[in-house]
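What follows is the content of final_24.txt (compact mmCIF, C-alpha atoms).
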# COMPACT_ATOMS: atom_id res chain seq x y z
CA MET K 1 119.53 -73.99 56.55
CA ALA K 2 117.45 -71.67 54.37
CA ILE K 3 113.80 -70.82 54.92
CA ILE K 4 112.46 -68.98 51.88
CA LEU K 5 109.11 -67.27 51.31
CA ASN K 6 108.05 -67.74 47.66
CA LEU K 7 105.52 -65.49 45.89
CA GLU K 8 103.87 -66.38 42.56
CA THR K 9 101.52 -63.80 40.99
CA ALA K 10 102.35 -63.95 37.27
CA THR K 11 98.94 -65.37 36.28
CA THR K 12 95.50 -65.65 37.89
CA ASN K 13 96.99 -67.99 40.51
CA CYS K 14 97.79 -66.01 43.65
CA SER K 15 100.22 -68.41 45.31
CA VAL K 16 102.46 -68.29 48.39
CA SER K 17 104.73 -71.00 49.74
CA ILE K 18 107.32 -71.43 52.44
CA ALA K 19 110.14 -73.89 51.89
CA LYS K 20 112.99 -75.15 54.06
CA ASP K 21 116.14 -76.12 52.17
CA GLY K 22 114.09 -76.46 49.00
CA GLU K 23 111.40 -78.67 50.55
CA LEU K 24 107.86 -77.32 50.66
CA ILE K 25 106.50 -76.66 54.15
CA VAL K 26 103.23 -74.90 53.39
CA LEU K 27 101.32 -73.68 50.33
CA LYS K 28 98.46 -71.17 50.14
CA GLU K 29 96.93 -70.30 46.77
CA ASP K 30 93.77 -69.26 44.96
CA ASN K 31 93.39 -69.67 41.20
CA THR K 32 89.97 -68.11 40.64
CA PRO K 33 89.36 -66.63 37.15
CA GLY K 34 89.62 -63.03 38.38
CA TYR K 35 92.82 -61.62 39.82
CA SER K 36 92.63 -61.73 43.63
CA HIS K 37 96.27 -60.80 44.24
CA ALA K 38 95.74 -57.34 45.72
CA GLU K 39 93.26 -58.73 48.26
CA GLN K 40 94.78 -62.15 48.94
CA LEU K 41 98.58 -61.98 48.69
CA HIS K 42 99.39 -60.49 52.10
CA ILE K 43 96.67 -62.57 53.75
CA PHE K 44 98.21 -65.73 52.30
CA ILE K 45 101.66 -64.66 53.53
CA GLU K 46 100.37 -64.23 57.08
CA GLU K 47 98.42 -67.50 56.94
CA ALA K 48 101.42 -69.42 55.57
CA LEU K 49 103.67 -68.15 58.36
CA GLU K 50 101.09 -69.05 60.98
CA GLU K 51 100.52 -72.53 59.54
CA ALA K 52 104.29 -73.15 59.48
CA SER K 53 104.65 -71.80 63.05
CA LEU K 54 107.12 -69.20 61.79
CA THR K 55 107.51 -65.42 61.94
CA PHE K 56 109.19 -63.02 59.54
CA LYS K 57 112.29 -63.25 61.75
CA ASP K 58 112.68 -66.90 60.67
CA ILE K 59 112.72 -66.09 56.94
CA ASN K 60 116.13 -66.02 55.23
CA ALA K 61 115.08 -64.71 51.79
CA ILE K 62 112.11 -63.66 49.67
CA ALA K 63 111.66 -65.19 46.21
CA VAL K 64 109.31 -63.86 43.55
CA SER K 65 108.21 -65.16 40.17
CA LYS K 66 109.74 -62.62 37.80
CA GLY K 67 107.72 -63.21 34.62
CA PRO K 68 106.71 -63.15 31.90
CA GLY K 69 103.03 -62.97 32.73
CA SER K 70 100.30 -60.52 33.68
CA TYR K 71 101.58 -56.96 33.95
CA THR K 72 99.40 -56.19 36.97
CA GLY K 73 100.04 -59.54 38.63
CA LEU K 74 103.79 -59.21 38.29
CA ARG K 75 103.74 -55.66 39.64
CA ILE K 76 101.83 -56.74 42.74
CA GLY K 77 104.13 -59.68 43.45
CA VAL K 78 107.38 -57.82 42.87
CA SER K 79 106.22 -54.79 44.86
CA ALA K 80 105.31 -57.03 47.80
CA ALA K 81 108.60 -58.92 47.62
CA LYS K 82 110.69 -55.75 47.44
CA GLY K 83 108.76 -54.17 50.30
CA LEU K 84 109.38 -57.18 52.52
CA CYS K 85 113.05 -57.29 51.58
CA TYR K 86 113.48 -53.61 52.45
CA ALA K 87 111.63 -53.89 55.74
CA LEU K 88 113.26 -57.13 56.87
CA GLU K 89 116.69 -56.54 55.28
CA LEU K 90 116.48 -59.82 53.40
CA PRO K 91 117.92 -60.84 50.01
CA LEU K 92 115.62 -60.92 46.97
CA ILE K 93 115.58 -63.94 44.65
CA SER K 94 113.89 -63.95 41.24
CA VAL K 95 112.60 -67.19 39.68
CA PRO K 96 111.75 -67.36 35.95
CA THR K 97 108.03 -68.07 35.70
CA LEU K 98 108.29 -70.48 32.77
CA GLU K 99 111.07 -72.50 34.38
CA SER K 100 108.96 -72.91 37.50
CA LEU K 101 105.96 -73.93 35.38
CA ALA K 102 108.05 -76.52 33.54
CA CYS K 103 108.86 -78.16 36.89
CA GLN K 104 105.25 -79.40 37.09
CA ALA K 105 105.81 -81.66 34.08
CA ASP K 106 106.62 -85.38 34.17
CA SER K 107 110.09 -85.43 32.62
CA THR K 108 110.26 -89.24 32.47
CA GLU K 109 107.74 -89.49 29.62
CA ASN K 110 108.87 -86.57 27.45
CA GLU K 111 112.05 -85.52 25.71
CA TYR K 112 111.03 -81.85 25.74
CA ILE K 113 108.96 -79.66 28.06
CA ILE K 114 107.50 -76.44 26.66
CA PRO K 115 105.81 -74.18 29.21
CA LEU K 116 103.42 -71.67 27.65
CA LEU K 117 101.50 -68.71 29.05
CA ASP K 118 98.61 -67.14 27.17
CA ALA K 119 99.57 -63.75 25.75
CA ARG K 120 96.24 -62.95 24.01
CA ARG K 121 94.87 -64.08 20.65
CA MET K 122 97.16 -66.80 19.22
CA GLU K 123 100.28 -65.50 20.93
CA VAL K 124 102.04 -67.20 23.83
CA TYR K 125 105.09 -66.71 26.02
CA SER K 126 107.15 -69.87 25.76
CA ALA K 127 110.49 -71.47 26.50
CA VAL K 128 111.86 -74.95 25.81
CA PHE K 129 113.49 -77.32 28.30
CA ASP K 130 114.90 -80.81 27.91
CA ASN K 131 113.85 -83.60 30.25
CA LYS K 132 116.74 -82.81 32.59
CA GLY K 133 115.38 -79.33 33.22
CA THR K 134 117.98 -77.52 31.12
CA GLU K 135 116.69 -74.56 29.10
CA ILE K 136 117.52 -75.17 25.45
CA ARG K 137 115.57 -72.25 23.98
CA ALA K 138 115.13 -68.93 25.72
CA THR K 139 111.82 -67.30 26.57
CA LYS K 140 110.09 -65.38 23.80
CA ALA K 141 106.66 -64.23 22.64
CA GLU K 142 105.44 -66.00 19.51
CA ILE K 143 102.38 -66.59 17.36
CA ILE K 144 101.30 -70.25 17.29
CA GLY K 145 101.09 -71.82 13.82
CA GLU K 146 101.04 -75.31 12.35
CA GLU K 147 104.85 -75.52 12.30
CA SER K 148 105.40 -74.23 15.82
CA PHE K 149 107.84 -76.42 17.81
CA SER K 150 108.09 -78.88 14.90
CA GLU K 151 111.87 -79.14 15.35
CA TYR K 152 111.20 -80.75 18.73
CA SER K 153 108.24 -82.96 17.83
CA ALA K 154 110.35 -84.41 15.00
CA LYS K 155 112.85 -85.68 17.58
CA GLY K 156 110.68 -87.00 20.40
CA LYS K 157 107.72 -86.57 22.70
CA VAL K 158 106.88 -82.97 23.64
CA LEU K 159 104.70 -81.84 26.52
CA LEU K 160 103.15 -78.39 26.21
CA ILE K 161 102.14 -77.19 29.67
CA GLY K 162 100.41 -74.06 30.91
CA ASP K 163 97.34 -71.95 30.20
CA GLY K 164 98.70 -71.40 26.69
CA ALA K 165 98.68 -75.13 25.93
CA GLU K 166 94.95 -75.29 25.17
CA LYS K 167 95.16 -72.81 22.29
CA CYS K 168 97.83 -75.06 20.75
CA ARG K 169 95.76 -78.25 20.93
CA GLU K 170 93.65 -77.51 17.84
CA ILE K 171 96.65 -76.43 15.74
CA LEU K 172 99.53 -78.76 16.62
CA LYS K 173 98.53 -82.22 15.37
CA HIS K 174 101.77 -84.21 15.49
CA SER K 175 101.36 -87.39 17.54
CA ASN K 176 104.39 -86.50 19.66
CA PHE K 177 102.61 -83.50 21.17
CA SER K 178 100.68 -83.77 24.43
CA PHE K 179 98.97 -80.95 26.30
CA LEU K 180 98.47 -80.12 29.97
CA SER K 181 96.61 -77.10 31.31
CA ALA K 182 98.35 -75.72 34.41
CA SER K 183 99.22 -72.49 36.19
CA PRO K 184 102.52 -71.43 37.75
CA SER K 185 102.57 -72.14 41.49
CA ALA K 186 104.80 -71.11 44.38
CA SER K 187 105.10 -74.82 45.15
CA GLU K 188 107.52 -75.42 42.26
CA MET K 189 109.51 -72.29 43.14
CA SER K 190 110.88 -73.99 46.27
CA ARG K 191 113.72 -75.95 44.70
CA LEU K 192 114.66 -73.20 42.25
CA SER K 193 114.80 -70.44 44.86
CA ASN K 194 116.84 -72.62 47.22
CA LYS K 195 119.36 -73.31 44.45
CA LYS K 196 119.77 -69.57 43.88
CA PHE K 197 120.06 -68.92 47.62
CA LYS K 198 122.93 -71.39 47.95
CA ALA K 199 124.68 -69.71 45.00
CA ASN K 200 124.15 -66.21 46.51
CA ASP K 201 122.32 -65.35 43.28
CA PHE K 202 120.37 -62.33 44.51
CA GLU K 203 118.75 -59.33 42.83
CA ASP K 204 119.38 -55.66 43.56
CA VAL K 205 116.28 -54.78 45.57
CA ALA K 206 116.40 -51.13 44.53
CA TYR K 207 116.56 -51.74 40.79
CA PHE K 208 114.91 -55.10 40.15
CA GLU K 209 111.92 -55.02 37.78
CA PRO K 210 109.66 -57.82 36.51
CA TYR K 211 110.41 -59.46 33.17
CA TYR K 212 107.42 -58.24 31.19
CA LEU K 213 108.76 -59.37 27.78
CA LYS K 214 106.24 -57.09 26.05
CA ASP K 215 105.28 -53.48 26.74
CA PHE K 216 102.06 -52.97 28.67
CA ILE K 217 99.22 -51.86 26.38
CA LEU K 218 96.35 -50.01 27.99
CA GLN K 219 93.05 -51.19 26.53
CA THR K 220 90.47 -48.41 26.04
CA LYS K 221 86.83 -48.78 25.15
CA LYS K 222 85.71 -47.61 21.75
CA SER K 223 83.28 -44.68 21.88
Let me see the structure of the file written as structure tokens.
Amino acid sequence: MAIILNLETATTNCSVSIAKDGELIVLKEDNTPGYSHAEQLHIFIEEALEEASLTFKDINAIAVSKGPGSYTGLRIGVSAAKGLCYALELPLISVPTLESLACQADSTENEYIIPLLDARRMEVYSAVFDNKGTEIRATKAEIIGEESFSEYSAKGKVLLIGDGAEKCREILKHSNFSFLSASPSASEMSRLSNKKFKANDFEDVAYFEPYYLKDFILQTKKS
């Protein structure tokens, strides 16, 4: 039996779940427009444990959404996960953010699932999965244009899911495209983190870093 605490902070959704053998027990999350992670994350962890009638002693591993996503959000989530792993001497599991996001999609109606996160202007972070959940194109940052993902829409129905899907709606006109706005959630991490736990697929707590994909750029005001 594995009881895993899952933390998702890659976007504006501050999300915490507890799962037993891959099945969701409790979910606490807040997806307000501003980032509430610094204030809410540890509160949600405590509330989730209380609602599940568990303590930290019952947890077998900590899983964290590893990115890509918000630089600050990822730092907060990974720092919290590593701190808990150190203190409780628990293994650390990392879950790819886009793979978790893709799990929200209905795979029965689409040949391809493309999770997308907004990366400013017309750029997105994206990956491509088939309807069995297998990644067929790795995560990358890309500028959306009229021919984006055309190799997939030419073959079958494609669902674009995530907060980056809306910016694609006005550009990608093929009838095989459909669009769903969504945010990564710790709910969908449950099955993925349990699979890694059973495979002993753990991170080095001392050296693990989020998958930023792009360097952090500090924005400064013009004088």
Inset, instruction - Point out the residue among K:Phe44, K:Phe129, K:Tyr35, K:Tyr152 with the least atom-to-atom distance to Val16 (chain K), counting only C-alpha atoms. - result: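 Nearest to Val16 (chain K): K:Phe44.
Atom pair CA of Arg120 (chain K) / CA of Ser181 (chain K): separated by 15.9 Å.
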For region 15-77 of chain K versus region 91-96 of chain K, which residues have an atom no more than 7 Å away, and what is each residue's nearest atom pair and distance in Å rounded to one decimal, using all atoms listed in the file, chain-then-number order, as JSON lines?
{"residue": "K:Ala61", "atom": "CA", "partner": "K:Pro91", "partner_atom": "CA", "distance": 5.1}
{"residue": "K:Ile62", "atom": "CA", "partner": "K:Leu92", "partner_atom": "CA", "distance": 5.2}
{"residue": "K:Ala63", "atom": "CA", "partner": "K:Ile93", "partner_atom": "CA", "distance": 4.4}
{"residue": "K:Val64", "atom": "CA", "partner": "K:Ser94", "partner_atom": "CA", "distance": 5.1}
{"residue": "K:Ser65", "atom": "CA", "partner": "K:Val95", "partner_atom": "CA", "distance": 4.9}
{"residue": "K:Lys66", "atom": "CA", "partner": "K:Pro96", "partner_atom": "CA", "distance": 5.5}
{"residue": "K:Gly67", "atom": "CA", "partner": "K:Pro96", "partner_atom": "CA", "distance": 5.9}
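The nearest approach to Glu170 (chain K) among the residues K:Glu135, K:Glu47, K:Glu146, K:Glu109, with only C-alpha atoms taken into account, belongs to K:Glu146.
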Inset, instruction - Would you please work out which residue, of K:Thr134, K:Ser190, K:Ser148, K:Ser185, is nearest to Glu8 (chain K) when using all atoms listed in the file? - result: K:Ser185
Hey, could you make a per-residue contact list for region 166-191 of chain K against region 114-118 of chain K with 12 Å as the cut-off, showing the nearest pair of atoms and its distance in Å to one decimal, counting all atoms listed in the file, sorted by chain and number, as a Markdown table?
| residue | atom | partner | partner_atom | distance |
| --- | --- | --- | --- | --- |
| K:Glu166 | CA | K:Asp118 | CA | 9.2 |
| K:Lys167 | CA | K:Asp118 | CA | 8.2 |
| K:Cys168 | CA | K:Leu116 | CA | 9.5 |
| K:Phe177 | CA | K:Ile114 | CA | 10.2 |
| K:Ser178 | CA | K:Ile114 | CA | 10.3 |
| K:Phe179 | CA | K:Ile114 | CA | 9.7 |
| K:Leu180 | CA | K:Pro115 | CA | 9.5 |
| K:Ser181 | CA | K:Leu116 | CA | 9.4 |
| K:Ala182 | CA | K:Pro115 | CA | 9.2 |
| K:Ser183 | CA | K:Leu117 | CA | 8.4 |
| K:Pro184 | CA | K:Leu117 | CA | 9.2 |
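Between CA of Ser70 (chain K) and CA of Lys132 (chain K) the interatomic distance comes to 27.7 Å.
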Legend entry - Nearest candidate to Ile144 (chain K) (options K:Arg191, K:Arg169, K:His174, K:Lys82; using all atoms listed in the file):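 Of K:Arg191, K:Arg169, K:His174, K:Lys82, the one nearest Ile144 (chain K), counting all atoms listed in the file, is K:Arg169.
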Inset, instruction - Write out as a PyMOL selection string which residues come within 7 Å of Tyr212 (chain K) when counting all atoms listed in the file, dropping same-chain ones fewer than 4 positions away. - result: chain K and resi 67-69+71
Inset, instruction - Quick one: pull the distance between CA of Met1 (chain K) and CA of Glu23 (chain K), Å, one decimal. - result: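 Pair CA of Met1 (chain K) / CA of Glu23 (chain K) returns 11.1 Å.
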Inset, instruction - May I have the protein, DNA and RNA residues with any atom at most 10 Å from the point (106.5, -74.9, 46.5), counting all atoms listed in the file, written as JSON, numbers by chain? - result: {"K": [4, 5, 6, 7, 8, 15, 16, 17, 18, 19, 20, 22, 23, 24, 25, 26, 27, 28, 100, 185, 186, 187, 188, 189, 190, 191, 192, 193]}
Legend entry - Which residue of K:Val78, K:Leu49, K:Ile136, K:Cys14 approaches Pro210 (chain K) most closely, using all atoms listed in the file: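 That would be K:Val78, the residue with the smallest distance to Pro210 (chain K).
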All file atoms of region 200-210 of chain K boxed axis-aligned, 8 Å per side, centre plus edges, as AutoDock Vina command-line options:
--center_x 116.9 --center_y -58.7 --center_z 41.5 --size_x 30.5 --size_y 31.1 --size_z 26.0
Kindly add all heavy atoms to the incomplete region 150-161 of chain K and provide the output as a JSON list (two decimals), in the coordinates of the input.
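This went into selection_5.json:
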[["chain", "number", "residue", "atom", "x", "y", "z"],
["K", 150, "SER", "N", 107.95, -77.66, 15.70],
["K", 150, "SER", "CA", 108.09, -78.88, 14.90],
["K", 150, "SER", "C", 109.49, -79.46, 14.98],
["K", 150, "SER", "O", 109.68, -80.68, 14.81],
["K", 150, "SER", "CB", 107.73, -78.59, 13.44],
["K", 150, "SER", "OG", 108.56, -77.57, 12.90],
["K", 151, "GLU", "N", 110.51, -78.62, 15.23],
["K", 151, "GLU", "CA", 111.87, -79.14, 15.35],
["K", 151, "GLU", "C", 112.03, -80.05, 16.56],
["K", 151, "GLU", "O", 112.93, -80.89, 16.60],
["K", 151, "GLU", "CB", 112.90, -78.00, 15.40],
["K", 151, "GLU", "CG", 112.80, -77.10, 16.63],
["K", 151, "GLU", "CD", 111.91, -75.89, 16.40],
["K", 151, "GLU", "OE1", 110.82, -76.04, 15.81],
["K", 151, "GLU", "OE2", 112.32, -74.80, 16.84],
["K", 152, "TYR", "N", 111.14, -79.90, 17.54],
["K", 152, "TYR", "CA", 111.20, -80.75, 18.73],
["K", 152, "TYR", "C", 110.31, -81.98, 18.58],
["K", 152, "TYR", "O", 110.72, -83.09, 18.95],
["K", 152, "TYR", "CB", 110.80, -79.94, 19.97],
["K", 152, "TYR", "CG", 111.61, -78.67, 20.10],
["K", 152, "TYR", "CD1", 111.03, -77.42, 19.85],
["K", 152, "TYR", "CD2", 112.96, -78.71, 20.43],
["K", 152, "TYR", "CE1", 111.77, -76.26, 19.94],
["K", 152, "TYR", "CE2", 113.71, -77.55, 20.52],
["K", 152, "TYR", "CZ", 113.11, -76.32, 20.27],
["K", 152, "TYR", "OH", 113.85, -75.18, 20.35],
["K", 153, "SER", "N", 109.13, -81.81, 18.02],
["K", 153, "SER", "CA", 108.24, -82.96, 17.83],
["K", 153, "SER", "C", 108.82, -83.97, 16.84],
["K", 153, "SER", "O", 108.49, -85.15, 16.89],
["K", 153, "SER", "CB", 106.86, -82.51, 17.37],
["K", 153, "SER", "OG", 106.94, -81.84, 16.12],
["K", 154, "ALA", "N", 109.71, -83.50, 15.95],
["K", 154, "ALA", "CA", 110.35, -84.41, 15.00],
["K", 154, "ALA", "C", 111.39, -85.31, 15.68],
["K", 154, "ALA", "O", 111.77, -86.36, 15.13],
["K", 154, "ALA", "CB", 111.03, -83.60, 13.89],
["K", 155, "LYS", "N", 111.80, -84.94, 16.89],
["K", 155, "LYS", "CA", 112.85, -85.68, 17.58],
["K", 155, "LYS", "C", 112.35, -86.54, 18.72],
["K", 155, "LYS", "O", 113.05, -87.47, 19.15],
["K", 155, "LYS", "CB", 113.89, -84.70, 18.12],
["K", 155, "LYS", "CG", 114.59, -83.87, 17.06],
["K", 155, "LYS", "CD", 115.52, -82.85, 17.72],
["K", 155, "LYS", "CE", 116.18, -81.95, 16.70],
["K", 155, "LYS", "NZ", 117.04, -80.92, 17.33],
["K", 156, "GLY", "N", 111.16, -86.22, 19.26],
["K", 156, "GLY", "CA", 110.68, -87.00, 20.40],
["K", 156, "GLY", "C", 109.40, -86.42, 20.96],
["K", 156, "GLY", "O", 108.81, -85.49, 20.42],
["K", 157, "LYS", "N", 108.96, -87.00, 22.07],
["K", 157, "LYS", "CA", 107.72, -86.57, 22.70],
["K", 157, "LYS", "C", 107.88, -85.19, 23.35],
["K", 157, "LYS", "O", 108.89, -84.92, 23.99],
["K", 157, "LYS", "CB", 107.28, -87.60, 23.74],
["K", 157, "LYS", "CG", 106.85, -88.92, 23.11],
["K", 157, "LYS", "CD", 106.24, -89.84, 24.14],
["K", 157, "LYS", "CE", 105.76, -91.14, 23.49],
["K", 157, "LYS", "NZ", 104.68, -90.89, 22.51],
["K", 158, "VAL", "N", 106.86, -84.35, 23.17],
["K", 158, "VAL", "CA", 106.88, -82.97, 23.64],
["K", 158, "VAL", "C", 105.63, -82.70, 24.47],
["K", 158, "VAL", "O", 104.51, -82.91, 24.00],
["K", 158, "VAL", "CB", 106.91, -81.97, 22.46],
["K", 158, "VAL", "CG1", 106.98, -80.54, 22.97],
["K", 158, "VAL", "CG2", 108.09, -82.27, 21.54],
["K", 159, "LEU", "N", 105.83, -82.25, 25.70],
["K", 159, "LEU", "CA", 104.70, -81.84, 26.52],
["K", 159, "LEU", "C", 104.60, -80.32, 26.53],
["K", 159, "LEU", "O", 105.55, -79.64, 26.88],
["K", 159, "LEU", "CB", 104.86, -82.33, 27.96],
["K", 159, "LEU", "CG", 103.77, -81.86, 28.93],
["K", 159, "LEU", "CD1", 102.41, -82.42, 28.54],
["K", 159, "LEU", "CD2", 104.10, -82.22, 30.37],
["K", 160, "LEU", "N", 103.44, -79.82, 26.12],
["K", 160, "LEU", "CA", 103.15, -78.39, 26.21],
["K", 160, "LEU", "C", 102.30, -78.18, 27.45],
["K", 160, "LEU", "O", 101.22, -78.76, 27.58],
["K", 160, "LEU", "CB", 102.41, -77.89, 24.96],
["K", 160, "LEU", "CG", 103.26, -77.81, 23.69],
["K", 160, "LEU", "CD1", 103.40, -79.17, 23.02],
["K", 160, "LEU", "CD2", 102.68, -76.81, 22.70],
["K", 161, "ILE", "N", 102.78, -77.35, 28.37],
["K", 161, "ILE", "CA", 102.14, -77.19, 29.67],
["K", 161, "ILE", "C", 101.90, -75.72, 29.98],
["K", 161, "ILE", "O", 102.74, -74.87, 29.69],
["K", 161, "ILE", "CB", 102.99, -77.85, 30.79],
["K", 161, "ILE", "CG1", 102.29, -77.71, 32.15],
["K", 161, "ILE", "CG2", 104.39, -77.29, 30.84],
["K", 161, "ILE", "CD1", 102.97, -78.52, 33.26]]
